[in-house]
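Enquirer: I am attaching a structure below and will ask some questions about it afterwards.
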Amino acid sequence: MPALMPQLKIAVLGSGKGSNFRAILSAIMAGHLRVTPVLAASDVPEAGILTLADNLGIPTTTIHEPKYRTRLSDGVEFSLVKELQASGADLIVLAGYMRLVKEPLLEAFPRRIINIHPSLLPSFPGLEAWRQALSAGVKTTGCTVHFVDSGMDTGEVIAQSQVNILPGDTPETLHARIQEAEHQLYPEVLARFARREFP
Ligand code: GRF
């Protein structure tokens, strides 16, 4: 009985400009996506997701990691887990979060952490995947939403969207089209979670 189903609560983690979170918020406000954002967390104090959340009264938290650049130390990740659990989040949505996720978080939210990546995984994991695609000379790339595991962009694929590479594409034009595809795909995938398609 979908009407009686409590809305899925999401927490969003990001380090960058926050355009995917903006797209998710737009889908919610347009009535296309029935999820409730309960927390925005970032390791970058000036990250776009924090500003977006602040403007809407969504709670935010800034993660302080003095030791590592590509992951969190166990203690810091444990504190984040506590905050995520206290927020009541059902699903952790990575949107440009630039660190690997380790056991404290993975064990607390099994198959409940998802990420979006700007390529058709397993092709071109890692940084600047659109540049990798251009350098490889492929005709088609795109974006992928996947479950997060302890590897870099290695978790099970949930959904993908294709983007054709056009003659004359630069890294910037290609990246912009991939991001447009991301802004469609992520809200669509979240809607599937909201319908409890992934028990
Ligand atoms: C996206 O391109 C996503 O694929 C990658 O990081 C970027 C985040 O962009 N993981 P934004 O911060 O949502 O604008």
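Labels for the structure tokens follow display order: chains A, B, ..., residues from 1 in each chain, ligands from 1.
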May I have the residues within 7 Å of range 72-83 of chain A as number ranges by chain, using only C-alpha atoms and disregarding those fewer than 3 positions away in the same chain?

Expert: A: 65, 68, 86-87, 104-105

Enquirer: Can you pull out every residue from range 23-191 of chain A that DSSP, working from the backbone, puts in helix (DSSP H, G or I), and format the result as a PyMOL selection string?

Expert: chain A and resi 23-29+48-56+74-87+103-108+129-136+171-191

Enquirer: With a distance cut-off of 8 Å and only C-alpha atoms, select the neighbouring residues of range 6-23 of chain A, excluding the residue or stretch itself and same-chain residues fewer than 6 positions from it, and output the selection as a count of residues only.

Expert: 35

Enquirer: Using CA of Gln160 in chain A and CA of Ala136 in chain A as the two end points, give the distance in Å to one decimal.

Expert: 19.4 Å

Enquirer: Please return, as a PyMOL selection string, all residues of range 111-140 of chain A that DSSP assigns to strand (DSSP E) on the basis of the backbone.

Expert: chain A and resi 113-117+140

Enquirer: Go through A:Gly151, A:Gly57, A:Pro125, A:Gly168 and flag the residue nearest ligand 1, using only C-alpha atoms and all ligand atoms for the distances.

Expert: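 The shortest atom-to-atom distance to ligand 1 comes from A:Pro125.
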
Enquirer: Nearest to ligand 1 among A:Glu180, A:Asp169, A:Asp149, A:Glu107, with distances taken over only C-alpha atoms and all ligand atoms: which residue is it?

Expert: A:Glu180

Enquirer: As a list in words, please: the residues near Asp153 in chain A (cut-off 12 Å, only C-alpha atoms, same-chain neighbours under 6 positions excluded).

Expert: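 So the residues in contact are Leu94, Gly96, Tyr97, Met98, Arg99, Leu100, Val101, Ile114, Asn115, Ile116, His117, Pro118, Ser119, Leu120, Leu121, Pro122, Ser123, Phe124, Pro125, Gly126, Leu127, Ala129, Cys143, Thr144, Val145, His146 and Phe147 of chain A.
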
Enquirer: Given the choices A:Val138, A:Val148, A:Leu56, A:Ile63, which gets closest to ligand 1 if the distance is worked out from only C-alpha atoms and all ligand atoms?

Expert: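 Closest to ligand 1 of all the choices is A:Val148.
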
Enquirer: Compare A:Gln85, A:Thr51, A:Thr140, A:Thr61 by their minimum atom-to-atom distance to ligand 1, counting only C-alpha atoms and all ligand atoms, and give me the closest one.

Expert: A:Thr51

Enquirer: What lies within 9 Å of range 174-177 of chain A using only C-alpha atoms, ignoring chain neighbours under 2 positions off, as a list in words?

Expert: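 Residues meeting the cut-off are Pro118, Glu128, Ala129, Trp130, Arg131, Leu134, Gly142, Val163, Asn164, Ile165, Leu166, Asp169, Thr170, Pro171, Glu172, Gln179, Glu180, Ala181 and Glu182 of chain A.
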
Enquirer: Keeping N, CA, C and O atoms for every residue in the selection just given, could you write it to a file as a PDB file, in the first residue's frame?

Expert:
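Written output follows (again.pdb):
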ATOM      1  N   PRO A 118      30.705   9.434 -13.634  1.00  0.00           N
ATOM      2  CA  PRO A 118      30.522   9.936 -15.003  1.00  0.00           C
ATOM      3  C   PRO A 118      31.147   9.077 -16.094  1.00  0.00           C
ATOM      4  O   PRO A 118      31.903   9.576 -16.938  1.00  0.00           O
ATOM      5  N   GLU A 128      38.118  12.148 -13.450  1.00  0.00           N
ATOM      6  CA  GLU A 128      37.934  12.747 -14.778  1.00  0.00           C
ATOM      7  C   GLU A 128      37.642  11.692 -15.850  1.00  0.00           C
ATOM      8  O   GLU A 128      38.313  11.604 -16.881  1.00  0.00           O
ATOM      9  N   ALA A 129      36.608  10.928 -15.592  1.00  0.00           N
ATOM     10  CA  ALA A 129      36.260   9.809 -16.470  1.00  0.00           C
ATOM     11  C   ALA A 129      35.913  10.287 -17.879  1.00  0.00           C
ATOM     12  O   ALA A 129      36.092   9.547 -18.850  1.00  0.00           O
ATOM     13  N   TRP A 130      35.408  11.508 -18.022  1.00  0.00           N
ATOM     14  CA  TRP A 130      35.070  12.032 -19.349  1.00  0.00           C
ATOM     15  C   TRP A 130      36.336  12.249 -20.177  1.00  0.00           C
ATOM     16  O   TRP A 130      36.358  11.995 -21.377  1.00  0.00           O
ATOM     17  N   ARG A 131      37.419  12.696 -19.516  1.00  0.00           N
ATOM     18  CA  ARG A 131      38.710  12.849 -20.218  1.00  0.00           C
ATOM     19  C   ARG A 131      39.251  11.488 -20.623  1.00  0.00           C
ATOM     20  O   ARG A 131      39.790  11.317 -21.714  1.00  0.00           O
ATOM     21  N   LEU A 134      37.408  10.408 -23.727  1.00  0.00           N
ATOM     22  CA  LEU A 134      37.876  11.128 -24.927  1.00  0.00           C
ATOM     23  C   LEU A 134      39.235  10.589 -25.376  1.00  0.00           C
ATOM     24  O   LEU A 134      39.454  10.339 -26.562  1.00  0.00           O
ATOM     25  N   GLY A 142      28.923   7.897 -20.761  1.00  0.00           N
ATOM     26  CA  GLY A 142      27.660   8.110 -20.064  1.00  0.00           C
ATOM     27  C   GLY A 142      27.868   8.225 -18.576  1.00  0.00           C
ATOM     28  O   GLY A 142      28.899   8.736 -18.125  1.00  0.00           O
ATOM     29  N   VAL A 163      25.671   8.558 -23.256  1.00  0.00           N
ATOM     30  CA  VAL A 163      25.893   9.873 -23.865  1.00  0.00           C
ATOM     31  C   VAL A 163      26.822   9.659 -25.059  1.00  0.00           C
ATOM     32  O   VAL A 163      27.902   9.086 -24.906  1.00  0.00           O
ATOM     33  N   ASN A 164      26.390  10.111 -26.228  1.00  0.00           N
ATOM     34  CA  ASN A 164      27.249   9.956 -27.407  1.00  0.00           C
ATOM     35  C   ASN A 164      28.349  11.013 -27.399  1.00  0.00           C
ATOM     36  O   ASN A 164      28.107  12.166 -27.027  1.00  0.00           O
ATOM     37  N   ILE A 165      29.524  10.614 -27.838  1.00  0.00           N
ATOM     38  CA  ILE A 165      30.616  11.575 -27.989  1.00  0.00           C
ATOM     39  C   ILE A 165      30.528  12.137 -29.410  1.00  0.00           C
ATOM     40  O   ILE A 165      30.445  11.391 -30.384  1.00  0.00           O
ATOM     41  N   LEU A 166      30.472  13.465 -29.492  1.00  0.00           N
ATOM     42  CA  LEU A 166      30.242  14.121 -30.775  1.00  0.00           C
ATOM     43  C   LEU A 166      31.558  14.614 -31.359  1.00  0.00           C
ATOM     44  O   LEU A 166      32.503  14.911 -30.610  1.00  0.00           O
ATOM     45  N   ASP A 169      33.870  17.395 -29.667  1.00  0.00           N
ATOM     46  CA  ASP A 169      33.690  17.471 -28.210  1.00  0.00           C
ATOM     47  C   ASP A 169      35.012  17.788 -27.520  1.00  0.00           C
ATOM     48  O   ASP A 169      36.067  17.247 -27.874  1.00  0.00           O
ATOM     49  N   THR A 170      34.948  18.670 -26.543  1.00  0.00           N
ATOM     50  CA  THR A 170      36.093  18.932 -25.668  1.00  0.00           C
ATOM     51  C   THR A 170      35.780  18.277 -24.317  1.00  0.00           C
ATOM     52  O   THR A 170      34.621  17.902 -24.069  1.00  0.00           O
ATOM     53  N   PRO A 171      36.761  18.177 -23.445  1.00  0.00           N
ATOM     54  CA  PRO A 171      36.435  17.642 -22.109  1.00  0.00           C
ATOM     55  C   PRO A 171      35.288  18.415 -21.469  1.00  0.00           C
ATOM     56  O   PRO A 171      34.409  17.815 -20.833  1.00  0.00           O
ATOM     57  N   GLU A 172      35.253  19.710 -21.684  1.00  0.00           N
ATOM     58  CA  GLU A 172      34.223  20.539 -21.026  1.00  0.00           C
ATOM     59  C   GLU A 172      32.832  20.269 -21.607  1.00  0.00           C
ATOM     60  O   GLU A 172      31.855  20.125 -20.863  1.00  0.00           O
ATOM     61  N   GLN A 179      26.860  15.416 -17.274  1.00  0.00           N
ATOM     62  CA  GLN A 179      26.188  15.895 -16.055  1.00  0.00           C
ATOM     63  C   GLN A 179      24.688  16.057 -16.278  1.00  0.00           C
ATOM     64  O   GLN A 179      23.894  15.743 -15.389  1.00  0.00           O
ATOM     65  N   GLU A 180      24.293  16.523 -17.466  1.00  0.00           N
ATOM     66  CA  GLU A 180      22.846  16.593 -17.752  1.00  0.00           C
ATOM     67  C   GLU A 180      22.212  15.213 -17.610  1.00  0.00           C
ATOM     68  O   GLU A 180      21.113  15.072 -17.060  1.00  0.00           O
ATOM     69  N   ALA A 181      22.918  14.200 -18.135  1.00  0.00           N
ATOM     70  CA  ALA A 181      22.395  12.830 -18.033  1.00  0.00           C
ATOM     71  C   ALA A 181      22.335  12.399 -16.564  1.00  0.00           C
ATOM     72  O   ALA A 181      21.375  11.741 -16.133  1.00  0.00           O
ATOM     73  N   GLU A 182      23.337  12.773 -15.790  1.00  0.00           N
ATOM     74  CA  GLU A 182      23.335  12.436 -14.354  1.00  0.00           C
ATOM     75  C   GLU A 182      22.125  13.033 -13.652  1.00  0.00           C
ATOM     76  O   GLU A 182      21.505  12.381 -12.807  1.00  0.00           O
TER      77      GLU A 182
END

Enquirer: Using only C-alpha atoms, can you tell me which of A:Ile178, A:Met29, A:Leu106, A:Val157 comes closest to Thr141 in chain A?

Expert: A:Ile178

Enquirer: Measuring between only C-alpha atoms and all ligand atoms, which one of A:Met152, A:Ala27, A:Leu33, A:Ala108 shows the shortest distance to ligand 1?

Expert: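 Among the listed residues, A:Met152 lies closest to ligand 1.
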
Enquirer: What is the distance between atom 1 (C, counted along the ligand's line) of ligand 1 and CA of Ser135 in chain A, in Å to one decimal?

Expert: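 So the answer is 18.9 Å.
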
Enquirer: Quote the spacing between CA of Asn55 in chain A and CA of Arg192 in chain A in Å to one decimal place.

Expert: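 CA of Arg192 in chain A lies at a distance of 26.6 Å from CA of Asn55 in chain A.
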